[in-house]
>>> print(open('upload.csv').read())   # CSV, C-alpha atoms and all ligand atoms
chain,number,residue,atom,x,y,z
G,1,MET,CA,66.9,71.7,146.3
G,2,THR,CA,63.7,73.7,145.5
G,3,SER,CA,65.8,76.9,145.6
G,4,TYR,CA,68.3,75.7,142.9
G,5,SER,CA,66.3,76.2,139.7
G,6,PRO,CA,62.7,76.3,138.5
G,7,LEU,CA,63.7,73.6,136.0
G,8,LEU,CA,64.3,71.2,138.9
G,9,LYS,CA,61.1,69.3,139.9
G,10,VAL,CA,61.5,68.4,143.6
G,11,SER,CA,59.1,66.1,145.4
G,12,PHE,CA,58.7,63.5,148.1
G,13,ASP,CA,58.5,59.9,147.0
G,14,SER,CA,56.6,58.5,149.9
G,15,TYR,CA,55.6,55.1,151.2
G,16,GLN,CA,54.0,53.5,154.2
G,17,VAL,CA,56.3,50.9,155.7
G,18,ALA,CA,55.0,48.4,158.2
G,19,LYS,CA,56.9,47.3,161.4
G,20,GLN,CA,59.6,44.8,160.3
G,21,GLY,CA,63.2,44.0,161.0
G,22,ARG,CA,65.0,47.2,162.2
G,23,VAL,CA,61.7,49.2,161.8
G,24,THR,CA,60.0,49.2,165.2
G,25,ARG,CA,56.7,50.6,164.1
G,26,ASP,CA,54.6,51.5,161.1
G,27,VAL,CA,56.0,54.6,159.6
G,28,GLU,CA,55.9,56.8,156.5
G,29,VAL,CA,59.3,57.0,154.6
G,30,ARG,CA,60.1,59.6,152.0
G,31,ASN,CA,62.8,59.6,149.4
G,32,VAL,CA,63.6,63.2,148.3
G,33,MET,CA,63.6,63.3,144.5
G,34,ALA,CA,64.7,66.1,142.2
G,35,MET,CA,64.1,65.6,138.6
G,36,LEU,CA,65.6,67.6,135.7
G,37,PRO,CA,63.5,66.7,132.7
G,38,GLY,CA,65.5,66.0,129.5
G,39,GLN,CA,64.4,65.7,125.9
G,40,SER,CA,63.5,62.0,126.5
G,41,ALA,CA,61.9,60.3,129.4
G,42,ARG,CA,64.7,57.7,129.9
G,43,ARG,CA,66.4,58.3,133.2
G,44,ILE,CA,69.9,58.6,134.7
G,45,TYR,CA,70.1,58.7,138.5
G,46,VAL,CA,72.7,60.2,140.8
G,47,SER,CA,71.9,59.2,144.4
G,48,GLY,CA,72.9,58.8,148.0
G,49,HIS,CA,71.0,58.1,151.3
G,50,TYR,CA,70.1,60.7,153.9
G,51,ASP,CA,69.3,58.4,156.7
G,52,THR,CA,72.0,57.1,159.1
G,53,VAL,CA,72.4,54.8,162.0
G,54,ALA,CA,74.8,54.3,165.0
G,55,ARG,CA,75.1,50.9,166.7
G,56,PRO,CA,77.0,50.0,169.8
G,57,GLY,CA,80.6,49.5,168.7
G,58,GLY,CA,80.0,50.7,165.1
G,59,GLN,CA,81.2,49.0,162.0
G,60,GLY,CA,84.8,48.8,163.2
G,61,THR,CA,83.9,46.4,166.0
G,62,ALA,CA,81.6,44.4,163.7
G,63,ASN,CA,84.4,44.0,161.1
G,64,ALA,CA,87.1,43.2,163.6
G,65,SER,CA,85.2,40.7,165.6
G,66,GLY,CA,83.2,38.5,163.3
G,67,PRO,CA,83.1,36.7,160.0
G,68,ALA,CA,82.8,38.9,156.9
G,69,PHE,CA,79.6,37.2,156.0
G,70,ARG,CA,76.6,37.1,158.3
G,71,ASP,CA,73.2,35.5,157.5
G,72,PRO,CA,71.2,38.6,156.4
G,73,ASP,CA,68.0,36.7,157.2
G,74,ALA,CA,69.0,35.9,160.8
G,75,PRO,CA,66.4,37.2,163.3
G,76,LEU,CA,67.4,40.5,164.9
G,77,ALA,CA,67.5,40.9,168.7
G,78,PRO,CA,64.1,42.0,169.9
G,79,VAL,CA,63.7,45.6,170.7
G,80,ALA,CA,63.1,46.1,174.4
G,81,ASP,CA,60.8,49.1,174.0
G,82,PRO,CA,59.8,50.0,170.5
G,83,ASN,CA,58.5,53.4,171.7
G,84,ALA,CA,61.7,54.4,173.5
G,85,PRO,CA,63.2,57.6,172.2
G,86,LEU,CA,65.9,56.9,169.7
G,87,ASP,CA,68.4,59.4,171.1
G,88,ASN,CA,71.6,57.5,170.1
G,89,PRO,CA,73.7,60.2,168.4
G,90,ALA,CA,74.2,59.2,164.7
G,91,PRO,CA,75.7,62.1,162.8
G,92,GLY,CA,76.3,60.1,159.6
G,93,VAL,CA,78.4,62.8,158.0
G,94,ASN,CA,80.2,60.3,155.7
G,95,ASP,CA,77.5,57.5,155.7
G,96,ASP,CA,75.9,58.9,153.9
G,97,GLY,CA,75.9,62.7,154.3
G,98,SER,CA,78.8,62.6,151.8
G,99,GLY,CA,76.7,60.9,149.0
G,100,THR,CA,73.7,63.1,149.8
G,101,ALA,CA,75.8,66.3,149.6
G,102,LEU,CA,77.3,65.1,146.3
G,103,THR,CA,73.8,64.4,144.9
G,104,MET,CA,72.5,67.8,146.0
G,105,GLU,CA,75.5,69.6,144.5
G,106,LEU,CA,75.1,67.9,141.2
G,107,ALA,CA,71.4,68.8,141.3
G,108,ARG,CA,72.4,72.4,141.7
G,109,VAL,CA,75.1,72.4,139.1
G,110,PHE,CA,73.2,70.5,136.4
G,111,SER,CA,69.9,72.5,136.9
G,112,GLN,CA,71.9,75.8,136.6
G,113,SER,CA,74.1,74.6,133.8
G,114,GLY,CA,71.9,75.9,130.9
G,115,LEU,CA,72.6,72.6,129.1
G,116,THR,CA,69.9,70.6,127.5
G,117,PHE,CA,70.2,66.9,128.2
G,118,ASP,CA,68.8,64.1,126.1
G,119,ALA,CA,68.1,62.0,129.2
G,120,THR,CA,66.1,63.0,132.3
G,121,LEU,CA,68.3,63.3,135.3
G,122,VAL,CA,67.1,62.2,138.7
G,123,PHE,CA,68.9,63.4,141.8
G,124,MET,CA,67.7,61.0,144.5
G,125,CYS,CA,68.3,61.2,148.3
G,126,HIS,CA,67.1,57.8,149.5
G,127,VAL,CA,65.6,57.1,152.9
G,128,GLY,CA,65.8,53.9,155.0
G,129,GLU,CA,69.0,52.5,153.5
G,130,GLU,CA,70.3,51.4,156.9
G,131,GLN,CA,66.9,49.7,157.6
G,132,GLY,CA,67.3,47.4,154.6
G,133,LEU,CA,67.5,49.6,151.5
G,134,PHE,CA,63.8,50.4,151.9
G,135,GLY,CA,63.6,53.7,150.1
G,136,ALA,CA,65.6,52.4,147.1
G,137,ARG,CA,63.7,49.1,147.0
G,138,LEU,CA,60.3,50.7,147.1
G,139,HIS,CA,61.2,53.2,144.4
G,140,ALA,CA,62.9,50.6,142.1
G,141,GLU,CA,59.9,48.3,142.5
G,142,LYS,CA,57.5,51.1,141.5
G,143,ALA,CA,59.7,52.1,138.6
G,144,ALA,CA,59.7,48.4,137.4
G,145,VAL,CA,55.9,48.2,137.7
G,146,GLU,CA,55.5,51.5,135.8
G,147,LYS,CA,57.9,50.3,133.2
G,148,ILE,CA,60.1,53.4,133.6
G,149,ARG,CA,63.3,53.2,131.6
G,150,ILE,CA,66.3,53.7,133.8
G,151,ASP,CA,69.6,53.6,131.9
G,152,ALA,CA,72.0,54.0,134.9
G,153,VAL,CA,72.0,54.6,138.6
G,154,LEU,CA,75.2,56.2,140.0
G,155,ASN,CA,74.9,55.6,143.8
G,156,ASN,CA,77.3,57.3,146.2
G,157,ASP,CA,77.6,55.9,149.7
G,158,ILE,CA,80.6,56.6,151.9
G,159,VAL,CA,82.6,58.8,149.5
G,160,GLY,CA,84.0,61.6,151.6
G,161,ASN,CA,87.0,60.2,153.4
G,162,ASP,CA,90.5,59.5,152.1
G,163,LYS,CA,92.2,58.2,155.3
G,164,GLY,CA,91.9,54.5,155.9
G,165,GLY,CA,91.4,53.3,159.5
G,166,ASN,CA,94.7,51.4,159.0
G,167,GLY,CA,96.6,54.7,158.4
G,168,ILE,CA,96.8,54.3,154.6
G,169,VAL,CA,95.8,57.5,152.7
G,170,ASP,CA,94.5,57.5,149.1
G,171,GLY,CA,92.9,60.8,148.0
G,172,ALA,CA,93.4,60.1,144.2
G,173,THR,CA,91.2,57.1,143.5
G,174,ILE,CA,87.5,56.0,143.9
G,175,ARG,CA,86.1,52.5,143.7
G,176,VAL,CA,83.1,51.6,141.6
G,177,TYR,CA,81.3,48.3,142.3
G,178,SER,CA,79.1,46.6,139.8
G,179,GLU,CA,77.3,43.3,139.7
G,180,GLY,CA,78.1,40.7,136.9
G,181,PRO,CA,78.1,38.8,134.7
G,182,GLU,CA,80.9,40.4,132.8
G,183,ASP,CA,78.7,42.1,130.1
G,184,SER,CA,75.8,42.9,132.4
G,185,PRO,CA,74.2,46.4,131.9
G,186,SER,CA,75.7,47.4,135.3
G,187,ARG,CA,79.2,46.5,134.1
G,188,GLU,CA,78.7,48.6,130.9
G,189,VAL,CA,77.8,51.5,133.2
G,190,ALA,CA,81.0,50.9,135.2
G,191,ARG,CA,83.1,50.8,132.0
G,192,PHE,CA,81.5,54.0,130.8
G,193,ILE,CA,82.3,55.8,134.1
G,194,GLN,CA,85.9,54.7,133.9
G,195,ARG,CA,86.2,55.8,130.2
G,196,TRP,CA,84.6,59.2,130.6
G,197,ALA,CA,85.5,60.2,134.2
G,198,SER,CA,89.2,59.5,133.3
G,199,ARG,CA,89.0,61.9,130.4
G,200,TYR,CA,87.4,64.8,132.3
G,201,VAL,CA,88.9,64.2,135.7
G,202,PRO,CA,92.2,62.4,135.0
G,203,SER,CA,93.6,63.3,138.4
G,204,HIS,CA,91.0,61.0,140.1
G,205,ARG,CA,91.4,57.4,139.0
G,206,VAL,CA,88.3,55.1,138.9
G,207,ARG,CA,89.0,51.6,140.2
G,208,LEU,CA,86.4,49.2,138.8
G,209,MET,CA,85.5,46.3,141.1
G,210,ALA,CA,84.0,43.3,139.4
G,211,ARG,CA,81.7,42.4,142.3
G,212,PRO,CA,78.4,43.8,143.6
G,213,ASP,CA,79.9,45.4,146.7
G,214,ARG,CA,82.4,44.9,149.5
G,215,PHE,CA,82.3,41.7,151.5
G,216,GLY,CA,79.2,41.4,153.7
G,217,ARG,CA,78.2,45.0,152.9
G,218,GLY,CA,75.5,46.4,150.7
G,219,GLY,CA,74.0,49.6,149.4
G,220,ASP,CA,71.1,51.1,147.4
G,221,HIS,CA,72.5,50.3,144.0
G,222,SER,CA,71.8,46.6,144.7
G,223,ALA,CA,68.1,47.5,145.2
G,224,TYR,CA,68.0,48.7,141.6
G,225,ASN,CA,69.8,45.6,140.4
G,226,GLN,CA,67.2,43.5,142.2
G,227,PHE,CA,64.5,45.0,139.9
G,228,GLY,CA,66.6,44.7,136.7
G,229,PHE,CA,68.1,48.2,136.5
G,230,PRO,CA,71.7,49.0,135.7
G,231,ALA,CA,73.2,50.5,138.9
G,232,VAL,CA,76.7,50.8,140.4
G,233,GLY,CA,78.1,51.8,143.8
G,234,PHE,CA,80.7,54.5,144.4
G,235,ARG,CA,82.8,53.8,147.5
G,236,GLU,CA,85.9,55.7,148.8
G,237,SER,CA,89.1,53.7,148.3
G,238,ARG,CA,90.2,53.7,152.0
G,239,GLU,CA,87.5,53.4,154.6
G,240,ASN,CA,87.7,54.0,158.3
G,241,PHE,CA,85.3,51.4,159.7
G,242,SER,CA,85.5,52.7,163.2
G,243,HIS,CA,83.7,55.9,162.1
G,244,GLN,CA,80.9,54.1,160.3
G,245,HIS,CA,77.6,53.4,162.0
G,246,ASP,CA,79.1,55.2,165.0
G,247,PRO,CA,78.8,58.5,166.8
G,248,ARG,CA,82.3,59.3,165.5
G,249,ASP,CA,81.0,59.7,161.9
G,250,THR,CA,81.6,63.5,162.1
G,251,PHE,CA,83.1,66.3,159.9
G,252,GLU,CA,86.5,65.5,161.3
G,253,GLY,CA,86.5,62.3,159.3
G,254,ILE,CA,85.8,64.0,156.0
G,255,SER,CA,88.1,65.4,153.3
G,256,PRO,CA,86.1,68.0,151.4
G,257,ASP,CA,88.7,68.1,148.6
G,258,TYR,CA,88.4,64.3,148.2
G,259,LEU,CA,84.6,64.5,148.2
G,260,ALA,CA,84.8,67.3,145.5
G,261,GLN,CA,86.9,65.0,143.3
G,262,ASP,CA,84.3,62.2,143.6
G,263,ALA,CA,81.6,64.8,142.7
G,264,ARG,CA,83.6,65.8,139.6
G,265,GLY,CA,83.9,62.1,138.5
G,266,ASN,CA,80.2,61.6,139.0
G,267,ALA,CA,79.4,64.9,137.2
G,268,ALA,CA,81.5,64.0,134.2
G,269,SER,CA,80.0,60.5,133.9
G,270,ALA,CA,76.4,61.6,134.4
G,271,ALA,CA,76.7,64.5,132.0
G,272,ALA,CA,78.3,62.4,129.3
G,273,LEU,CA,75.6,59.8,129.7
G,274,ALA,CA,72.7,62.2,129.7
G,275,LEU,CA,74.0,64.3,126.8
G,276,ALA,CA,74.5,61.2,124.6
G,277,PRO,CA,71.9,59.4,122.5
G,278,PRO,CA,70.4,56.2,123.8
G,279,ALA,CA,72.5,53.1,123.2
G,280,PRO,CA,71.8,51.2,119.9
G,281,GLY,CA,69.8,47.9,120.0
G,282,VAL,CA,71.9,44.8,119.3
G,283,THR,CA,69.2,42.1,119.6
G,284,GLY,CA,66.6,40.7,117.2
G,285,ASP,CA,62.9,40.1,117.7
G,286,ARG,CA,63.5,37.0,119.7
G,287,GLY,CA,66.3,38.4,121.9
G,288,GLN,CA,69.1,36.9,119.9
G,289,PRO,CA,72.2,39.0,119.4
G,290,THR,CA,72.5,40.4,115.9
G,291,ILE,CA,76.0,39.1,115.3
G,292,GLY,CA,77.1,36.6,112.7
G,293,ARG,CA,80.0,35.1,110.7
G,294,GLN,CA,78.9,36.4,107.2
G,295,PRO,CA,80.0,36.7,104.5
G,296,SER,CA,82.9,34.1,104.6
G,297,GLY,CA,81.7,32.2,107.7
G,298,TYR,CA,84.9,33.4,109.5
G,299,ASP,CA,84.2,37.1,109.7
G,300,ALA,CA,82.5,39.3,112.4
G,301,ASN,CA,79.2,40.6,111.0
G,302,LEU,CA,77.7,43.1,113.4
G,303,ARG,CA,74.3,44.7,113.0
G,304,TRP,CA,72.5,47.2,115.2
G,305,THR,CA,69.4,49.4,115.2
G,306,ALA,CA,69.7,53.1,114.6
G,307,SER,CA,69.7,55.3,117.7
G,308,PRO,CA,67.7,58.6,117.5
G,309,GLY,CA,70.2,61.5,117.3
G,310,ALA,CA,73.2,59.4,116.3
G,311,VAL,CA,75.4,60.5,113.4
G,312,ALA,CA,77.9,57.8,113.8
G,313,TYR,CA,78.7,54.6,115.8
G,314,ARG,CA,81.7,53.4,117.6
G,315,VAL,CA,82.4,49.6,117.6
G,316,PHE,CA,84.3,48.1,120.5
G,317,TRP,CA,86.0,44.8,121.0
G,318,ARG,CA,88.2,42.9,123.3
G,319,GLU,CA,89.7,39.4,123.7
G,320,ALA,CA,87.1,37.1,125.1
G,321,TRP,CA,89.3,36.9,128.2
G,322,GLY,CA,89.4,40.5,129.4
G,323,PRO,CA,87.5,42.8,131.6
G,324,ASP,CA,87.6,46.0,129.5
G,325,TRP,CA,87.3,47.1,125.9
G,326,GLN,CA,90.7,47.0,124.2
G,327,HIS,CA,90.0,48.3,120.7
G,328,ASP,CA,87.5,50.7,119.1
G,329,LEU,CA,86.6,51.9,115.6
G,330,LEU,CA,84.5,54.9,114.8
G,331,VAL,CA,82.3,54.1,111.8
G,332,GLY,CA,79.9,56.4,110.0
G,333,ASN,CA,76.1,56.6,110.1
G,334,VAL,CA,75.6,52.9,109.3
G,335,THR,CA,74.0,50.0,111.1
G,336,GLU,CA,76.2,47.2,110.0
G,337,LEU,CA,79.9,46.4,110.0
G,338,VAL,CA,82.0,43.5,108.8
G,339,LEU,CA,85.4,42.9,110.3
G,340,LEU,CA,87.2,40.3,108.1
G,341,HIS,CA,88.8,37.3,109.7
G,342,MET,CA,87.7,38.4,113.2
G,343,GLN,CA,86.3,35.2,114.6
G,344,ILE,CA,83.3,36.1,116.8
G,345,ASP,CA,84.1,33.3,119.2
G,346,ASP,CA,87.4,34.9,120.1
G,347,TYR,CA,86.2,38.4,120.9
G,348,VAL,CA,83.5,40.3,122.7
G,349,PHE,CA,82.0,43.0,120.5
G,350,GLY,CA,79.8,46.0,121.4
G,351,VAL,CA,78.6,49.2,119.8
G,352,ALA,CA,77.8,52.8,121.0
G,353,ALA,CA,75.9,55.6,119.4
G,354,VAL,CA,77.7,58.9,118.8
G,355,ASP,CA,75.9,62.3,118.3
G,356,ALA,CA,77.1,65.4,116.3
G,357,ASP,CA,78.9,66.8,119.3
G,358,GLY,CA,80.8,63.6,119.9
G,359,HIS,CA,78.8,62.4,122.9
G,360,GLU,CA,78.8,58.6,123.1
G,361,SER,CA,76.2,56.4,124.5
G,362,LEU,CA,76.6,53.3,126.7
G,363,VAL,CA,78.1,50.4,124.8
G,364,SER,CA,75.5,47.7,123.9
G,365,PRO,CA,77.4,44.4,124.0
G,366,TYR,CA,76.6,41.3,121.8
G,367,VAL,CA,75.9,38.7,124.4
G,368,ALA,CA,74.9,35.1,123.7
G,369,PRO,CA,71.6,34.4,125.5
G,370,PRO,CA,71.6,31.5,128.0
G,371,ARG,CA,70.9,28.2,126.3
G,372,ALA,CA,67.9,26.2,127.6
G,373,VAL,CA,69.1,22.7,128.4
G,374,GLY,CA,66.6,19.9,128.9
G,375,PRO,CA,67.2,16.6,130.4
G,376,VAL,CA,69.0,13.8,128.4
G,377,LYS,CA,66.4,11.2,127.3
G,378,THR,CA,67.4,7.9,128.6
G,379,VAL,CA,66.0,4.4,127.7
G,380,PRO,CA,64.0,2.9,130.5
G,381,LYS,CA,65.6,-0.3,131.9
R,1,ZN,ZN,75.5,54.0,153.7
>>> encode(input="upload.csv", output="C-alpha cells")
Amino acid sequence: MTSYSPLLKVSFDSYQVAKQGRVTRDVEVRNVMAMLPGQSARRIYVSGHYDTVARPGGQGTANASGPAFRDPDAPLAPVADPNAPLDNPAPGVNDDGSGTALTMELARVFSQSGLTFDATLVFMCHVGEEQGLFGARLHAEKAAVEKIRIDAVLNNDIVGNDKGGNGIVDGATIRVYSEGPEDSPSREVARFIQRWASRYVPSHRVRLMARPDRFGRGGDHSAYNQFGFPAVGFRESRENFSHQHDPRDTFEGISPDYLAQDARGNAASAAALALAPPAPGVTGDRGQPTIGRQPSGYDANLRWTASPGAVAYRVFWREAWGPDWQHDLLVGNVTELVLLHMQIDDYVFGVAAVDADGHESLVSPYVAPPRAVGPVKTVPK
C-alpha cells in the first residue's frame, strides 16, 4: 500500500497480546493501517482481516454437525504442544483474502483519485480476527480511549464467492449486517449504504439484515460496536461453508467479478460518506431529542444544529412500524422544520446535511432516550 500514493499514510498498528484462548504464546500482532487524511479528523473505515485459520473439518463440518449456537466462553481443548510448528495449510483466499483485497484496492483507488474528502478514510487490514477479533478489539478500544470520532466502519469478511455450498448461485446481491436497535448508528450506516450503493451500482443489490451477524458467527465489525462505534458487516449472499476455515479456501472458490461488484458498492458508499458533511445534531444539552409538537400540539416540530459545509438539509420520515425511510423532503439552509398534522408519535423522523455538490450525510434520527424507571413505592405492611 505504501506504493499507491504519497498521500496514503501506511503504518503498523501494533499490540503485545498475551497467551490466551487460541493464542498459544505471547505474541506481537499488527493491524496494517493506511490513512488518507481528509479535511476533518472524523474517520470512515473500510476493512477486512488478513489472518486466516484452518481447522479439522472446516466450517462445513461445524455447521452440519452441531447447534448454531455454541457457548463462546466454553474452554477450548488444550493445545498439546504450544511450540509445535503450525503447518496446517490455511490459504484463506475468501476468509478473508477477499475483504483484504477489497480494502487494498479501495486504498489504491481513493488515494489516486485526486478527490478531496471531508472525512479521513482509514483502510484497515485487521489481524487476529480468527483468534477472537483481537486486532479490531484492540484498535477500537484505543480509539475509544483516545476519543477518536469514527462515523462508520464498513467491514468486509467473506465477500468473494457467489456460489453457495448448496448449489444456489447469486452474483447480484450482497448482505449487510448491522446491530440494533432499529435507529442505532449502525443501522443508519446500513441504510446509507443501501441508499447510495443502489444509486451508483444498481446492478448489485444490497440486502440489509437487521441483526448483528449470521447465527453463531461473528466478525470485526462487532468489535467496533462493542466500543460504541457504528460498524456494519458485508457478507456474500451465498456462502460455501465447506471452504471456510479449511485448506479448500483457495482461488477456485472465488468469483473475481463478484468481488469487484462488492468493491464497487463499498467504494460508492465510502466515497459518498466521506465527501458529505458531518451529520447534523438532533439532541439538546441533556441528550433529549430536539423534536416537539409545536405550534398546535399536533404537529411535528424538528430542530437540528447546523452542520459545517451544509447548504441544505434533507428531512426523512417513515411510519413508526417500518425498517427504512419512506419519505424525504429537501429543505433549504434552515435548522428547523414544522410538518403540520404529522403526529410525532406515529412516525420516525431524521435529518441529513447536504453540501453544495449534493453529497448527503448520514441521517441523524430523533430517538427517544430510554426512560429511567424506579421501583414503585409500596406501603409497608
Ligand atoms: Zn473472516
>>> closest_atom_pairs(input="upload.csv", of="chain G", to="ligand ZN 1 (chain R)", cutoff="9 Å", atoms="only C-alpha atoms and all ligand atoms", output="Markdown table")
| residue | atom | partner | partner_atom | distance |
| --- | --- | --- | --- | --- |
| G:Gly48 | CA | R:ZN1 | ZN | 7.9 |
| G:His49 | CA | R:ZN1 | ZN | 6.5 |
| G:Tyr50 | CA | R:ZN1 | ZN | 8.6 |
| G:Asp51 | CA | R:ZN1 | ZN | 8.2 |
| G:Thr52 | CA | R:ZN1 | ZN | 7.1 |
| G:Val53 | CA | R:ZN1 | ZN | 8.9 |
| G:Gly92 | CA | R:ZN1 | ZN | 8.5 |
| G:Asn94 | CA | R:ZN1 | ZN | 8.1 |
| G:Asp95 | CA | R:ZN1 | ZN | 4.5 |
| G:Asp96 | CA | R:ZN1 | ZN | 4.9 |
| G:Gly97 | CA | R:ZN1 | ZN | 8.7 |
| G:Gly99 | CA | R:ZN1 | ZN | 8.4 |
| G:Glu129 | CA | R:ZN1 | ZN | 6.7 |
| G:Glu130 | CA | R:ZN1 | ZN | 6.6 |
| G:Asn156 | CA | R:ZN1 | ZN | 8.4 |
| G:Asp157 | CA | R:ZN1 | ZN | 4.9 |
| G:Ile158 | CA | R:ZN1 | ZN | 6.0 |
| G:Gly218 | CA | R:ZN1 | ZN | 8.2 |
| G:Gly219 | CA | R:ZN1 | ZN | 6.3 |
| G:Asp220 | CA | R:ZN1 | ZN | 8.2 |
| G:Gln244 | CA | R:ZN1 | ZN | 8.5 |
| G:His245 | CA | R:ZN1 | ZN | 8.6 |
>>> closest_residue(input="upload.csv", among="G:Leu106, G:Ala18, G:Leu208, G:Gly114", to="Pro6 of chain G", atoms="only C-alpha atoms")
G:Gly114
>>> atom_distance(input="upload.csv", atom1="atom CA of His341 of chain G", atom2="atom CA of Tyr298 of chain G")
5.5 Å
>>> residues_around(input="upload.csv", residues="segment 320-324 of chain G", least_positions_apart="2", cutoff="8 Å", atoms="all atoms listed in the file", output="short mmCIF file (atom, residue, chain, number, x, y, z; two decimals) with C-alpha atoms, keeping the file's coordinate frame")
data_model
loop_
_atom_site.label_atom_id
_atom_site.label_comp_id
_atom_site.auth_asym_id
_atom_site.auth_seq_id
_atom_site.Cartn_x
_atom_site.Cartn_y
_atom_site.Cartn_z
CA GLU G 182 80.90 40.40 132.80
CA ARG G 191 83.10 50.80 132.00
CA ARG G 318 88.20 42.90 123.30
CA GLN G 326 90.70 47.00 124.20
CA ASP G 345 84.10 33.30 119.20
CA ASP G 346 87.40 34.90 120.10
CA TYR G 347 86.20 38.40 120.90
CA VAL G 348 83.50 40.30 122.70
#
>>> residues_around(input="upload.csv", residues="Phe349 of chain G", least_positions_apart="5", cutoff="8 Å", atoms="only C-alpha atoms", output="short mmCIF file (atom, residue, chain, number, x, y, z; two decimals) with C-alpha atoms, in the coordinates of the input")
data_model
loop_
_atom_site.label_atom_id
_atom_site.label_comp_id
_atom_site.auth_asym_id
_atom_site.auth_seq_id
_atom_site.Cartn_x
_atom_site.Cartn_y
_atom_site.Cartn_z
CA VAL G 315 82.40 49.60 117.60
CA PHE G 316 84.30 48.10 120.50
CA TRP G 317 86.00 44.80 121.00
CA ARG G 318 88.20 42.90 123.30
CA ILE G 344 83.30 36.10 116.80
CA PRO G 365 77.40 44.40 124.00
CA TYR G 366 76.60 41.30 121.80
#
>>> residues_near_point(input="upload.csv", point="(81.1, 46.4, 120.3)", cutoff="12 Å", atoms="all atoms listed in the file", output="PDB file with C-alpha atoms, in the coordinates of the input")
ATOM      1  CA  ASP G 183      78.700  42.100 130.100  1.00  0.00           C
ATOM      2  CA  GLU G 188      78.700  48.600 130.900  1.00  0.00           C
ATOM      3  CA  ALA G 279      72.500  53.100 123.200  1.00  0.00           C
ATOM      4  CA  PRO G 280      71.800  51.200 119.900  1.00  0.00           C
ATOM      5  CA  GLY G 281      69.800  47.900 120.000  1.00  0.00           C
ATOM      6  CA  VAL G 282      71.900  44.800 119.300  1.00  0.00           C
ATOM      7  CA  PRO G 289      72.200  39.000 119.400  1.00  0.00           C
ATOM      8  CA  THR G 290      72.500  40.400 115.900  1.00  0.00           C
ATOM      9  CA  ILE G 291      76.000  39.100 115.300  1.00  0.00           C
ATOM     10  CA  ALA G 300      82.500  39.300 112.400  1.00  0.00           C
ATOM     11  CA  ASN G 301      79.200  40.600 111.000  1.00  0.00           C
ATOM     12  CA  LEU G 302      77.700  43.100 113.400  1.00  0.00           C
ATOM     13  CA  ARG G 303      74.300  44.700 113.000  1.00  0.00           C
ATOM     14  CA  TRP G 304      72.500  47.200 115.200  1.00  0.00           C
ATOM     15  CA  TYR G 313      78.700  54.600 115.800  1.00  0.00           C
ATOM     16  CA  ARG G 314      81.700  53.400 117.600  1.00  0.00           C
ATOM     17  CA  VAL G 315      82.400  49.600 117.600  1.00  0.00           C
ATOM     18  CA  PHE G 316      84.300  48.100 120.500  1.00  0.00           C
ATOM     19  CA  TRP G 317      86.000  44.800 121.000  1.00  0.00           C
ATOM     20  CA  ARG G 318      88.200  42.900 123.300  1.00  0.00           C
ATOM     21  CA  GLU G 319      89.700  39.400 123.700  1.00  0.00           C
ATOM     22  CA  ASP G 324      87.600  46.000 129.500  1.00  0.00           C
ATOM     23  CA  TRP G 325      87.300  47.100 125.900  1.00  0.00           C
ATOM     24  CA  GLN G 326      90.700  47.000 124.200  1.00  0.00           C
ATOM     25  CA  HIS G 327      90.000  48.300 120.700  1.00  0.00           C
ATOM     26  CA  ASP G 328      87.500  50.700 119.100  1.00  0.00           C
ATOM     27  CA  LEU G 329      86.600  51.900 115.600  1.00  0.00           C
ATOM     28  CA  LEU G 330      84.500  54.900 114.800  1.00  0.00           C
ATOM     29  CA  VAL G 331      82.300  54.100 111.800  1.00  0.00           C
ATOM     30  CA  GLU G 336      76.200  47.200 110.000  1.00  0.00           C
ATOM     31  CA  LEU G 337      79.900  46.400 110.000  1.00  0.00           C
ATOM     32  CA  VAL G 338      82.000  43.500 108.800  1.00  0.00           C
ATOM     33  CA  LEU G 339      85.400  42.900 110.300  1.00  0.00           C
ATOM     34  CA  ILE G 344      83.300  36.100 116.800  1.00  0.00           C
ATOM     35  CA  TYR G 347      86.200  38.400 120.900  1.00  0.00           C
ATOM     36  CA  VAL G 348      83.500  40.300 122.700  1.00  0.00           C
ATOM     37  CA  PHE G 349      82.000  43.000 120.500  1.00  0.00           C
ATOM     38  CA  GLY G 350      79.800  46.000 121.400  1.00  0.00           C
ATOM     39  CA  VAL G 351      78.600  49.200 119.800  1.00  0.00           C
ATOM     40  CA  ALA G 352      77.800  52.800 121.000  1.00  0.00           C
ATOM     41  CA  ALA G 353      75.900  55.600 119.400  1.00  0.00           C
ATOM     42  CA  SER G 361      76.200  56.400 124.500  1.00  0.00           C
ATOM     43  CA  LEU G 362      76.600  53.300 126.700  1.00  0.00           C
ATOM     44  CA  VAL G 363      78.100  50.400 124.800  1.00  0.00           C
ATOM     45  CA  SER G 364      75.500  47.700 123.900  1.00  0.00           C
ATOM     46  CA  PRO G 365      77.400  44.400 124.000  1.00  0.00           C
ATOM     47  CA  TYR G 366      76.600  41.300 121.800  1.00  0.00           C
ATOM     48  CA  VAL G 367      75.900  38.700 124.400  1.00  0.00           C
TER      49      VAL G 367
END
>>> residues_around(input="upload.csv", residues="Gly228 of chain G", least_positions_apart="6", cutoff="10 Å", atoms="all atoms listed in the file", output="list in words")
Ala140, Glu141, Ala144, Ile150, Pro185, Ser186 and Ser222 of chain G
>>> atom_distance(input="upload.csv", atom1="atom CA of Pro37 of chain G", atom2="atom CA of Ser178 of chain G")
26.4 Å
>>> closest_residue(input="upload.csv", among="G:Arg43, G:Arg108, G:His126, G:Arg371", to="Ala223 of chain G", atoms="only C-alpha atoms")
G:His126
>>> closest_residue(input="upload.csv", among="G:Asn333, G:Thr250, G:Thr283, G:Ser242", to="Pro369 of chain G", atoms="all atoms listed in the file")
G:Thr283
>>> atom_distance(input="upload.csv", atom1="atom CA of Arg55 of chain G", atom2="atom CA of Pro89 of chain G")
9.6 Å
>>> residues_around(input="upload.csv", residues="Ser269 of chain G", least_positions_apart="5", cutoff="6 Å", atoms="only C-alpha atoms", output="PyMOL selection string")
chain G and resi 193+196-197
>>> residues_around(input="upload.csv", residues="Ala267 of chain G", least_positions_apart="6", cutoff="12 Å", atoms="all atoms listed in the file", output="list in words")
Ile44, Tyr45, Val46, Ser47, Leu102, Thr103, Met104, Glu105, Leu106, Ala107, Arg108, Val109, Phe110, Ser113, Leu121, Phe123, Leu154, Asn156, Ile193, Trp196, Ala197, Ser198, Tyr200, Val201, Ala260, Gln261, Leu273, Ala274 and Leu275 of chain G
